[in-house]
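Structure file target32.csv; described as CSV, C-alpha atoms.
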chain,number,residue,atom,x,y,z
X,20,MET,CA,-10.7,-78.6,169.4
X,21,LYS,CA,-8.4,-81.4,170.6
X,22,ALA,CA,-9.1,-83.5,167.6
X,23,LEU,CA,-8.3,-80.5,165.3
X,24,LEU,CA,-5.0,-80.0,167.2
X,25,ARG,CA,-4.1,-83.7,166.8
X,26,GLY,CA,-5.0,-83.6,163.1
X,27,THR,CA,-2.8,-80.6,162.6
X,28,VAL,CA,0.2,-82.2,164.4
X,29,VAL,CA,-0.2,-85.4,162.4
X,30,LEU,CA,-0.4,-83.4,159.1
X,31,LEU,CA,2.7,-81.4,160.1
X,32,ALA,CA,4.5,-84.7,160.9
X,33,LEU,CA,3.6,-86.1,157.5
X,34,ALA,CA,4.8,-82.9,155.8
X,35,LEU,CA,8.1,-83.1,157.8
X,36,ALA,CA,8.4,-86.8,156.8
X,37,THR,CA,7.9,-85.9,153.1
X,38,LEU,CA,10.4,-83.1,153.3
X,39,MET,CA,13.1,-85.2,155.0
X,40,LEU,CA,12.4,-88.1,152.6
X,41,VAL,CA,13.0,-85.7,149.6
X,42,ALA,CA,16.2,-84.3,151.3
X,43,VAL,CA,17.6,-87.8,152.1
X,44,LEU,CA,16.9,-89.1,148.5
X,45,ASP,CA,18.4,-86.0,147.0
X,46,LEU,CA,21.5,-85.9,149.2
X,47,PRO,CA,24.7,-85.6,147.1
X,48,MET,CA,27.6,-88.0,147.7
X,49,PRO,CA,30.1,-86.8,150.3
X,50,THR,CA,33.0,-84.9,148.8
X,51,VAL,CA,35.3,-85.7,151.7
X,52,GLN,CA,36.4,-89.3,151.7
X,53,LEU,CA,36.5,-89.9,155.5
X,54,PRO,CA,36.8,-93.8,155.2
X,55,ALA,CA,39.8,-93.4,153.0
X,56,SER,CA,41.6,-91.0,155.4
X,57,VAL,CA,40.8,-93.2,158.4
X,58,ALA,CA,42.2,-96.2,156.5
X,59,ALA,CA,45.3,-94.2,155.5
X,60,ASN,CA,46.1,-93.2,159.1
X,61,LEU,CA,45.0,-96.5,160.8
X,62,ALA,CA,48.6,-97.7,161.0
X,63,GLN,CA,49.5,-94.7,163.2
X,64,SER,CA,46.5,-94.9,165.5
X,65,GLY,CA,47.8,-97.8,167.7
X,66,VAL,CA,44.7,-100.0,167.0
X,67,GLU,CA,43.5,-102.0,164.1
X,68,HIS,CA,39.8,-101.4,164.2
X,69,PRO,CA,38.7,-98.2,162.4
X,70,VAL,CA,35.8,-97.4,164.8
X,71,THR,CA,38.0,-97.7,167.9
X,72,ALA,CA,40.7,-95.6,166.1
X,73,VAL,CA,38.1,-92.9,165.5
X,74,LEU,CA,36.6,-93.1,169.0
X,75,LEU,CA,39.9,-93.1,171.0
X,76,ASN,CA,42.4,-91.4,168.7
X,77,PHE,CA,41.1,-89.3,165.8
X,78,ARG,CA,38.2,-88.0,167.6
X,79,GLY,CA,39.3,-88.7,171.1
X,80,TYR,CA,37.9,-85.5,172.5
X,81,ASP,CA,34.4,-86.7,171.6
X,82,THR,CA,34.9,-89.7,173.9
X,83,LEU,CA,36.4,-87.5,176.6
X,84,LEU,CA,33.4,-85.2,176.5
X,85,GLU,CA,31.1,-88.2,176.4
X,86,ILE,CA,32.4,-89.7,179.6
X,87,ALA,CA,32.1,-86.2,181.1
X,88,VAL,CA,28.5,-86.0,180.0
X,89,LEU,CA,27.8,-89.5,181.6
X,90,LEU,CA,29.3,-88.3,184.9
X,91,LEU,CA,27.4,-85.1,184.7
X,92,ALA,CA,24.1,-87.0,184.2
X,93,LEU,CA,24.8,-89.2,187.2
X,94,LEU,CA,25.6,-86.1,189.3
X,95,GLY,CA,22.4,-84.5,188.1
X,96,MET,CA,20.4,-87.5,189.1
X,97,LEU,CA,22.0,-87.6,192.5
X,98,SER,CA,21.3,-83.9,193.0
X,99,VAL,CA,17.6,-84.0,192.0
X,100,ALA,CA,17.0,-87.2,193.9
X,101,GLY,CA,16.9,-85.3,197.2
X,102,PRO,CA,17.8,-86.8,200.5
X,103,GLN,CA,18.0,-90.6,200.2
X,104,THR,CA,16.9,-93.1,202.8
X,105,ALA,CA,18.6,-96.4,203.2
X,106,PRO,CA,17.8,-98.7,200.2
X,107,LYS,CA,15.1,-101.2,200.6
X,108,PRO,CA,16.5,-104.5,201.9
X,109,ALA,CA,14.3,-106.6,199.7
X,110,LEU,CA,12.6,-106.2,196.4
X,111,HIS,CA,8.9,-106.1,195.8
X,112,VAL,CA,8.9,-109.6,194.4
X,113,ARG,CA,10.3,-112.6,196.4
X,114,PRO,CA,13.7,-113.5,194.9
X,115,ASP,CA,13.3,-116.4,192.6
X,116,PRO,CA,15.8,-119.2,193.4
X,117,VAL,CA,16.2,-120.1,189.7
X,118,LEU,CA,16.9,-116.5,188.7
X,119,GLN,CA,19.4,-116.3,191.6
X,120,ALA,CA,21.2,-119.4,190.5
X,121,LEU,CA,21.2,-118.2,186.9
X,122,ALA,CA,22.5,-114.8,188.0
X,123,ARG,CA,25.3,-116.4,190.0
X,124,LEU,CA,26.3,-118.4,186.9
X,125,ALA,CA,25.9,-115.6,184.4
X,126,VAL,CA,27.7,-112.8,186.2
X,127,PRO,CA,31.2,-114.3,186.2
X,128,LEU,CA,30.8,-115.1,182.5
X,129,MET,CA,29.6,-111.5,181.9
X,130,ILE,CA,32.7,-110.1,183.6
X,131,LEU,CA,34.8,-112.4,181.4
X,132,ALA,CA,32.9,-111.2,178.3
X,133,ALA,CA,33.5,-107.6,179.3
X,134,GLY,CA,37.2,-108.3,179.6
X,135,TYR,CA,37.2,-109.9,176.2
X,136,LEU,CA,35.2,-107.0,174.6
X,137,LEU,CA,37.7,-104.5,176.1
X,138,TRP,CA,40.6,-106.5,174.6
X,139,ALA,CA,38.9,-107.2,171.3
X,140,GLY,CA,38.2,-103.4,170.7
X,141,ALA,CA,41.8,-103.0,169.4
X,142,HIS,CA,41.2,-105.2,166.3
X,143,ARG,CA,37.5,-106.0,165.9
X,144,PRO,CA,34.1,-104.7,167.0
X,145,GLY,CA,34.2,-104.1,170.8
X,146,GLY,CA,35.7,-101.6,173.1
X,147,ALA,CA,35.2,-99.8,176.4
X,148,PHE,CA,31.5,-98.9,175.9
X,149,GLN,CA,30.4,-102.3,175.0
X,150,ALA,CA,32.4,-103.8,177.9
X,151,GLY,CA,31.0,-101.2,180.3
X,152,ALA,CA,27.5,-101.9,179.1
X,153,VAL,CA,28.0,-105.7,179.8
X,154,LEU,CA,29.3,-104.9,183.3
X,155,ALA,CA,26.4,-102.6,184.0
X,156,ALA,CA,24.0,-105.3,182.8
X,157,ALA,CA,25.6,-107.8,185.2
X,158,ALA,CA,25.1,-105.4,188.1
X,159,VAL,CA,21.4,-104.8,187.0
X,160,LEU,CA,20.9,-108.6,186.8
X,161,LEU,CA,22.3,-109.1,190.3
X,162,ASN,CA,20.0,-106.3,191.6
X,163,LEU,CA,16.9,-107.8,189.9
X,164,ALA,CA,17.8,-111.3,191.3
X,165,GLY,CA,17.9,-109.7,194.8
X,166,LEU,CA,21.6,-110.4,195.3
X,167,LEU,CA,22.8,-106.8,195.1
X,168,PRO,CA,21.0,-104.1,197.1
X,169,ALA,CA,20.2,-100.8,195.4
X,170,TRP,CA,22.6,-98.0,196.0
X,171,SER,CA,22.0,-95.0,198.3
X,172,THR,CA,24.4,-92.1,198.3
X,173,PRO,CA,27.7,-93.4,196.9
X,174,GLY,CA,30.6,-93.7,199.3
X,175,ARG,CA,34.2,-92.6,198.8
X,176,LEU,CA,35.4,-95.8,196.9
X,177,LEU,CA,32.4,-95.8,194.6
X,178,ARG,CA,32.9,-92.1,193.9
X,179,LEU,CA,36.5,-92.8,192.9
X,180,GLY,CA,35.3,-95.6,190.6
X,181,LEU,CA,32.6,-93.4,189.0
X,182,ALA,CA,35.0,-90.5,188.3
X,183,GLY,CA,38.2,-92.6,187.8
X,184,GLY,CA,37.7,-93.3,184.0
X,185,PHE,CA,37.2,-89.6,183.3
X,186,LEU,CA,40.1,-88.5,185.5
X,187,LEU,CA,42.4,-91.1,184.0
X,188,PHE,CA,41.5,-90.0,180.4
X,189,LEU,CA,41.9,-86.3,181.4
X,190,ALA,CA,45.3,-87.0,183.0
X,191,VAL,CA,46.5,-88.8,179.9
X,192,ALA,CA,45.2,-86.0,177.7
X,193,ALA,CA,46.8,-83.4,179.8
X,194,GLY,CA,50.1,-85.3,180.1
X,195,LEU,CA,50.3,-85.4,176.3
X,196,LEU,CA,50.1,-81.6,176.3
X,197,VAL,CA,53.8,-81.6,177.5
X,198,GLU,CA,54.9,-83.5,174.5
X,199,ALA,CA,52.5,-82.4,171.7
X,200,GLU,CA,48.9,-81.4,171.6
X,201,LEU,CA,45.8,-82.5,173.6
X,202,LEU,CA,45.1,-86.2,172.8
X,203,HIS,CA,47.9,-86.4,170.2
X,204,TYR,CA,49.3,-89.8,171.1
X,205,PRO,CA,52.9,-90.6,170.0
X,206,PRO,CA,52.3,-93.5,167.4
X,207,GLU,CA,54.7,-95.9,169.2
X,208,HIS,CA,52.8,-95.6,172.6
X,209,ALA,CA,49.3,-95.1,171.1
X,210,GLY,CA,48.2,-98.8,171.5
X,211,GLY,CA,49.2,-99.0,175.2
X,212,LEU,CA,47.7,-95.6,176.1
X,213,ILE,CA,44.4,-96.4,174.3
X,214,LEU,CA,44.2,-99.8,176.2
X,215,LEU,CA,44.9,-98.0,179.5
X,216,ILE,CA,42.2,-95.3,178.8
X,217,GLU,CA,39.8,-98.0,177.7
X,218,ALA,CA,40.4,-100.1,180.8
X,219,GLY,CA,39.6,-97.1,183.0
X,220,LEU,CA,36.6,-96.1,180.9
X,221,THR,CA,35.2,-99.7,181.1
X,222,VAL,CA,35.1,-99.7,184.9
X,223,SER,CA,33.7,-96.1,185.1
X,224,ILE,CA,31.1,-96.6,182.3
X,225,GLY,CA,30.0,-99.9,183.9
X,226,LEU,CA,29.6,-98.2,187.3
X,227,ILE,CA,27.9,-95.1,186.0
X,228,LEU,CA,25.4,-97.1,183.8
X,229,ALA,CA,24.7,-99.4,186.7
X,230,GLY,CA,24.4,-96.4,189.0
X,231,LEU,CA,21.8,-94.8,186.7
X,232,PHE,CA,19.7,-97.9,187.4
X,233,LEU,CA,20.6,-98.8,190.9
X,234,LEU,CA,20.3,-95.3,192.3
X,235,PHE,CA,16.7,-95.4,191.3
X,236,GLY,CA,16.2,-98.4,193.7
X,237,ALA,CA,16.8,-96.1,196.7
X,238,ARG,CA,13.5,-94.4,197.5
X,239,PRO,CA,13.5,-90.6,198.0
X,240,ALA,CA,13.1,-89.7,201.7
X,241,ALA,CA,9.7,-88.0,201.1
X,242,ALA,CA,8.1,-91.0,199.4
X,243,ALA,CA,9.4,-93.4,202.1
X,244,GLU,CA,7.8,-91.3,204.9
X,245,GLU,CA,4.4,-91.4,203.3
X,246,SER,CA,4.1,-95.1,202.6
U,41,MET,CA,17.3,-98.3,146.5
U,42,THR,CA,20.3,-99.6,148.5
U,43,PRO,CA,19.9,-101.3,151.9
U,44,GLY,CA,21.7,-98.3,153.5
U,45,LEU,CA,19.0,-95.9,152.1
U,46,ILE,CA,16.2,-98.2,153.4
U,47,TYR,CA,17.7,-97.9,156.9
U,48,ALA,CA,18.0,-94.1,156.5
U,49,VAL,CA,14.4,-93.8,155.4
U,50,THR,CA,13.2,-96.1,158.2
U,51,GLY,CA,15.2,-93.9,160.6
U,52,LEU,CA,13.6,-90.7,159.4
U,53,LEU,CA,10.1,-92.2,159.7
U,54,LEU,CA,10.9,-93.2,163.3
U,55,PHE,CA,12.2,-89.7,163.9
U,56,VAL,CA,8.9,-88.2,162.7
U,57,ILE,CA,6.8,-90.6,164.7
U,58,GLY,CA,8.8,-89.7,167.8
U,59,ALA,CA,8.5,-86.0,167.1
U,60,ALA,CA,4.7,-86.3,166.8
U,61,GLY,CA,4.7,-88.3,170.0
U,62,VAL,CA,6.6,-85.7,171.9
U,63,VAL,CA,3.9,-83.1,170.9
U,64,LEU,CA,0.8,-85.3,171.2
U,65,LEU,CA,1.4,-87.4,174.3
U,66,ALA,CA,0.5,-85.9,177.6
U,67,HIS,CA,2.4,-88.0,180.1
U,68,ALA,CA,6.0,-87.1,180.7
U,69,LEU,CA,7.1,-90.7,180.7
U,70,ARG,CA,5.6,-91.2,177.2
U,71,LYS,CA,7.2,-88.0,176.1
U,72,ILE,CA,10.6,-89.3,177.2
U,73,LEU,CA,10.0,-92.6,175.3
U,74,ALA,CA,8.9,-90.7,172.2
U,75,PHE,CA,12.1,-88.5,172.5
U,76,ASN,CA,14.1,-91.7,172.6
U,77,LEU,CA,12.4,-92.9,169.5
U,78,MET,CA,13.5,-89.7,167.8
U,79,GLY,CA,17.1,-90.3,168.9
U,80,SER,CA,17.0,-93.9,167.6
U,81,GLY,CA,15.7,-92.6,164.3
U,82,ALA,CA,18.5,-90.1,164.0
U,83,PHE,CA,21.1,-92.9,164.8
U,84,LEU,CA,19.5,-95.1,162.1
U,85,VAL,CA,19.7,-92.2,159.6
U,86,LEU,CA,23.4,-91.7,160.4
U,87,VAL,CA,24.3,-95.4,160.2
U,88,GLY,CA,22.3,-95.9,157.0
U,89,LEU,CA,23.7,-92.9,155.2
U,90,ALA,CA,27.2,-94.0,156.2
U,91,GLN,CA,26.8,-97.1,154.0
U,92,ARG,CA,25.7,-95.2,150.9
U,93,THR,CA,29.2,-95.1,149.3
U,94,GLY,CA,29.5,-98.9,149.4
U,95,GLY,CA,32.0,-99.3,152.1
U,96,VAL,CA,31.4,-98.7,155.8
U,97,ASP,CA,32.3,-95.2,157.1
U,98,PRO,CA,33.7,-95.6,160.7
U,99,VAL,CA,33.3,-91.9,161.6
U,100,PRO,CA,29.4,-91.9,161.7
U,101,HIS,CA,29.6,-95.2,163.5
U,102,ALA,CA,31.8,-93.8,166.2
U,103,MET,CA,29.4,-90.8,166.5
U,104,VAL,CA,26.4,-93.0,166.9
U,105,LEU,CA,28.2,-95.1,169.5
U,106,THR,CA,28.9,-91.9,171.4
U,107,GLY,CA,25.3,-90.7,170.8
U,108,ILE,CA,23.7,-93.9,172.2
U,109,VAL,CA,25.6,-93.6,175.5
U,110,VAL,CA,24.7,-89.9,175.8
U,111,ALA,CA,21.1,-90.7,175.1
U,112,VAL,CA,21.1,-93.4,177.9
U,113,ALA,CA,22.5,-90.8,180.3
U,114,ALA,CA,20.1,-88.1,179.2
U,115,THR,CA,17.1,-90.5,179.6
U,116,ALA,CA,18.2,-91.5,183.1
U,117,LEU,CA,18.4,-87.9,184.1
U,118,ALA,CA,15.0,-87.1,182.5
U,119,LEU,CA,13.5,-90.1,184.5
U,120,ALA,CA,15.1,-88.8,187.7
U,121,LEU,CA,13.6,-85.4,187.1
U,122,VAL,CA,10.1,-86.9,186.4
U,123,ARG,CA,10.3,-88.9,189.6
U,124,ARG,CA,11.3,-85.8,191.6
U,125,LEU,CA,8.4,-84.0,190.0
U,126,HIS,CA,6.1,-86.8,191.0
U,127,VAL,CA,7.3,-86.8,194.6
U,128,LEU,CA,6.8,-83.0,194.8
U,129,GLN,CA,3.3,-83.3,193.4
U,130,VAL,CA,2.3,-86.0,195.9
U,131,GLU,CA,3.6,-83.8,198.7
U,132,LEU,CA,1.7,-80.8,197.4
U,133,HIS,CA,-1.5,-82.9,197.1
U,134,ALA,CA,-1.1,-84.2,200.7
U,135,LYS,CA,-0.6,-80.6,201.9
U,136,ASP,CA,-3.7,-79.4,200.1
U,137,ALA,CA,-5.7,-82.2,201.5
U,138,SER,CA,-4.6,-81.5,205.1
U,139,VAL,CA,-5.3,-77.7,204.6
U,140,ALA,CA,-8.8,-78.6,203.4
U,141,GLU,CA,-9.4,-80.9,206.4
U,142,THR,CA,-8.5,-78.2,208.9
U,143,GLU,CA,-10.8,-75.7,207.2
U,144,ASP,CA,-13.7,-78.2,207.4
U,145,ALA,CA,-13.2,-78.8,211.1
Take the structure in the file and give it back as structure tokens.
Amino acid sequence: MKALLRGTVVLLALALATLMLVAVLDLPMPTVQLPASVAANLAQSGVEHPVTAVLLNFRGYDTLLEIAVLLLALLGMLSVAGPQTAPKPALHVRPDPVLQALARLAVPLMILAAGYLLWAGAHRPGGAFQAGAVLAAAAVLLNLAGLLPAWSTPGRLLRLGLAGGFLLFLAVAAGLLVEAELLHYPPEHAGGLILLIEAGLTVSIGLILAGLFLLFGARPAAAAEES
Amino acid sequence: MTPGLIYAVTGLLLFVIGAAGVVLLAHALRKILAFNLMGSGAFLVLVGLAQRTGGVDPVPHAMVLTGIVVAVAATALALALVRRLHVLQVELHAKDASVAETEDA
């Protein structure tokens, strides 16, 4: 019975693959030339790199909602985690001195790289998400090397850092309502505003992504009692 | 067949493998991994198809960038839910065991 079920699922998956293959191969060319319209409006966007222009300017509300989703996921994680005990002081493995030395060397460089990525986003591949991911990776590396304890319930300062990027973005978006529409930057200030938003986003994304990992390090109260 | 199309076809195969995994695999952790594979496949389709016209289309690229971050957040939330479920199950088993012990005595 189980084998029959598995066979059916595999057959259905093959049928789905064939169907999608035909659909992709048969897809007509797009009638709307989005790359051309992005290139035509790039001069007004305040940045020189088309992907950053799309992310922060032309489709800025996508990014606004994205950081809101990130924050929501972290809040969801905190709320299902239940009561937290104090984080474990040490890791399961004894910290490796070589790993610790390497982490101490690598983390300042990673923070530098994050700053560069944030700045580079305006004119070449880079930007707030890449920079935030590097920051989060630095925090995870420190945690794995035993230099940074896992987080328990975030304190006031950490909460401000987690929500700050979203709040800053929202404040800029709402402030622009007075002048024009939501997220409609005036072309002469667009570059500065985008850099400001991206700087806030970098810190918040780094903290949120690190939090998604580090909050797992704190054991739920129920599990701690049993062991 | 252009390179973009090869990426798109690879992406849709990954999507189908992931979809089959979500249905076939029993453990929640494996289901989450399979779901992530579906997501990666979808991103590959978007990025691949964006290159069909020759030049690079920045709009799907920005969408995929947004999608990757949202997928990370959703995966973390799913893992948190799975862990909570595990804790509750362990508690339930412990309770059942203690009830059985008192009945035996």
With a distance cut-off of 12 Å and all atoms listed in the file, select the neighbouring residues of Leu54 of chain U, excluding the residue or stretch itself and same-chain residues fewer than 4 positions from it, and output the selection as a list in words.
-> Ala32, Leu33, Leu35, Ala36, Met39 and Leu40 of chain X; Tyr47, Ala48, Val49, Thr50, Gly58, Ala59, Ala60, Gly61, Ala74, Phe75, Asn76, Leu77, Met78, Gly79, Ser80, Gly81, Ala82, Phe83, Leu84 and Val85 of chain U
Just the selected residues (C-alpha atoms), exported as a PDB file, keeping the file's coordinate frame, please.
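What ended up in part35.pdb:
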ATOM      1  CA  ALA X  32       4.500 -84.700 160.900  1.00  0.00           C
ATOM      2  CA  LEU X  33       3.600 -86.100 157.500  1.00  0.00           C
ATOM      3  CA  LEU X  35       8.100 -83.100 157.800  1.00  0.00           C
ATOM      4  CA  ALA X  36       8.400 -86.800 156.800  1.00  0.00           C
ATOM      5  CA  MET X  39      13.100 -85.200 155.000  1.00  0.00           C
ATOM      6  CA  LEU X  40      12.400 -88.100 152.600  1.00  0.00           C
TER       7      LEU X  40
ATOM      8  CA  TYR U  47      17.700 -97.900 156.900  1.00  0.00           C
ATOM      9  CA  ALA U  48      18.000 -94.100 156.500  1.00  0.00           C
ATOM     10  CA  VAL U  49      14.400 -93.800 155.400  1.00  0.00           C
ATOM     11  CA  THR U  50      13.200 -96.100 158.200  1.00  0.00           C
ATOM     12  CA  GLY U  58       8.800 -89.700 167.800  1.00  0.00           C
ATOM     13  CA  ALA U  59       8.500 -86.000 167.100  1.00  0.00           C
ATOM     14  CA  ALA U  60       4.700 -86.300 166.800  1.00  0.00           C
ATOM     15  CA  GLY U  61       4.700 -88.300 170.000  1.00  0.00           C
ATOM     16  CA  ALA U  74       8.900 -90.700 172.200  1.00  0.00           C
ATOM     17  CA  PHE U  75      12.100 -88.500 172.500  1.00  0.00           C
ATOM     18  CA  ASN U  76      14.100 -91.700 172.600  1.00  0.00           C
ATOM     19  CA  LEU U  77      12.400 -92.900 169.500  1.00  0.00           C
ATOM     20  CA  MET U  78      13.500 -89.700 167.800  1.00  0.00           C
ATOM     21  CA  GLY U  79      17.100 -90.300 168.900  1.00  0.00           C
ATOM     22  CA  SER U  80      17.000 -93.900 167.600  1.00  0.00           C
ATOM     23  CA  GLY U  81      15.700 -92.600 164.300  1.00  0.00           C
ATOM     24  CA  ALA U  82      18.500 -90.100 164.000  1.00  0.00           C
ATOM     25  CA  PHE U  83      21.100 -92.900 164.800  1.00  0.00           C
ATOM     26  CA  LEU U  84      19.500 -95.100 162.100  1.00  0.00           C
ATOM     27  CA  VAL U  85      19.700 -92.200 159.600  1.00  0.00           C
TER      28      VAL U  85
END
Considering all atoms listed in the file, tabulate each residue of chain U that lies at most 6 Å from chain X along with its nearest interatomic pair and the corresponding distance in Å to one decimal; arrange the rows by chain and ascending residue number and present them as a tab-separated table.
residue	atom	partner	partner_atom	distance
U:Val56	CA	X:Ala32	CA	5.9
U:Asp97	CA	X:Pro54	CA	5.1
U:Pro98	CA	X:Val70	CA	4.9
U:Ala102	CA	X:Val70	CA	5.6
U:Ala113	CA	X:Leu89	CA	5.6
U:Leu117	CA	X:Met96	CA	5.4
U:Ala120	CA	X:Met96	CA	5.6
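Between atom CA of His133 of chain U and atom CA of Ala169 of chain X lies a distance of 28.2 Å.
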So which residues fall inside 12 Å of (26.5, -103.1, 188.6) if we count all atoms listed in the file? Mind giving them as a PDB file with C-alpha atoms, keeping the file's coordinate frame?
ATOM      1  CA  VAL X 126      27.700-112.800 186.200  1.00  0.00           C
ATOM      2  CA  MET X 129      29.600-111.500 181.900  1.00  0.00           C
ATOM      3  CA  ILE X 130      32.700-110.100 183.600  1.00  0.00           C
ATOM      4  CA  GLY X 151      31.000-101.200 180.300  1.00  0.00           C
ATOM      5  CA  ALA X 152      27.500-101.900 179.100  1.00  0.00           C
ATOM      6  CA  VAL X 153      28.000-105.700 179.800  1.00  0.00           C
ATOM      7  CA  LEU X 154      29.300-104.900 183.300  1.00  0.00           C
ATOM      8  CA  ALA X 155      26.400-102.600 184.000  1.00  0.00           C
ATOM      9  CA  ALA X 156      24.000-105.300 182.800  1.00  0.00           C
ATOM     10  CA  ALA X 157      25.600-107.800 185.200  1.00  0.00           C
ATOM     11  CA  ALA X 158      25.100-105.400 188.100  1.00  0.00           C
ATOM     12  CA  VAL X 159      21.400-104.800 187.000  1.00  0.00           C
ATOM     13  CA  LEU X 160      20.900-108.600 186.800  1.00  0.00           C
ATOM     14  CA  LEU X 161      22.300-109.100 190.300  1.00  0.00           C
ATOM     15  CA  ASN X 162      20.000-106.300 191.600  1.00  0.00           C
ATOM     16  CA  LEU X 163      16.900-107.800 189.900  1.00  0.00           C
ATOM     17  CA  LEU X 166      21.600-110.400 195.300  1.00  0.00           C
ATOM     18  CA  LEU X 167      22.800-106.800 195.100  1.00  0.00           C
ATOM     19  CA  PRO X 168      21.000-104.100 197.100  1.00  0.00           C
ATOM     20  CA  ALA X 169      20.200-100.800 195.400  1.00  0.00           C
ATOM     21  CA  TRP X 170      22.600 -98.000 196.000  1.00  0.00           C
ATOM     22  CA  LEU X 177      32.400 -95.800 194.600  1.00  0.00           C
ATOM     23  CA  GLY X 180      35.300 -95.600 190.600  1.00  0.00           C
ATOM     24  CA  LEU X 181      32.600 -93.400 189.000  1.00  0.00           C
ATOM     25  CA  THR X 221      35.200 -99.700 181.100  1.00  0.00           C
ATOM     26  CA  VAL X 222      35.100 -99.700 184.900  1.00  0.00           C
ATOM     27  CA  SER X 223      33.700 -96.100 185.100  1.00  0.00           C
ATOM     28  CA  ILE X 224      31.100 -96.600 182.300  1.00  0.00           C
ATOM     29  CA  GLY X 225      30.000 -99.900 183.900  1.00  0.00           C
ATOM     30  CA  LEU X 226      29.600 -98.200 187.300  1.00  0.00           C
ATOM     31  CA  ILE X 227      27.900 -95.100 186.000  1.00  0.00           C
ATOM     32  CA  LEU X 228      25.400 -97.100 183.800  1.00  0.00           C
ATOM     33  CA  ALA X 229      24.700 -99.400 186.700  1.00  0.00           C
ATOM     34  CA  GLY X 230      24.400 -96.400 189.000  1.00  0.00           C
ATOM     35  CA  LEU X 231      21.800 -94.800 186.700  1.00  0.00           C
ATOM     36  CA  PHE X 232      19.700 -97.900 187.400  1.00  0.00           C
ATOM     37  CA  LEU X 233      20.600 -98.800 190.900  1.00  0.00           C
ATOM     38  CA  LEU X 234      20.300 -95.300 192.300  1.00  0.00           C
TER      39      LEU X 234
END
How many Å separate atom CA of Ser56 of chain X from atom CA of Phe185 of chain X?
->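 Distance reported for this atom pair: 28.3 Å.
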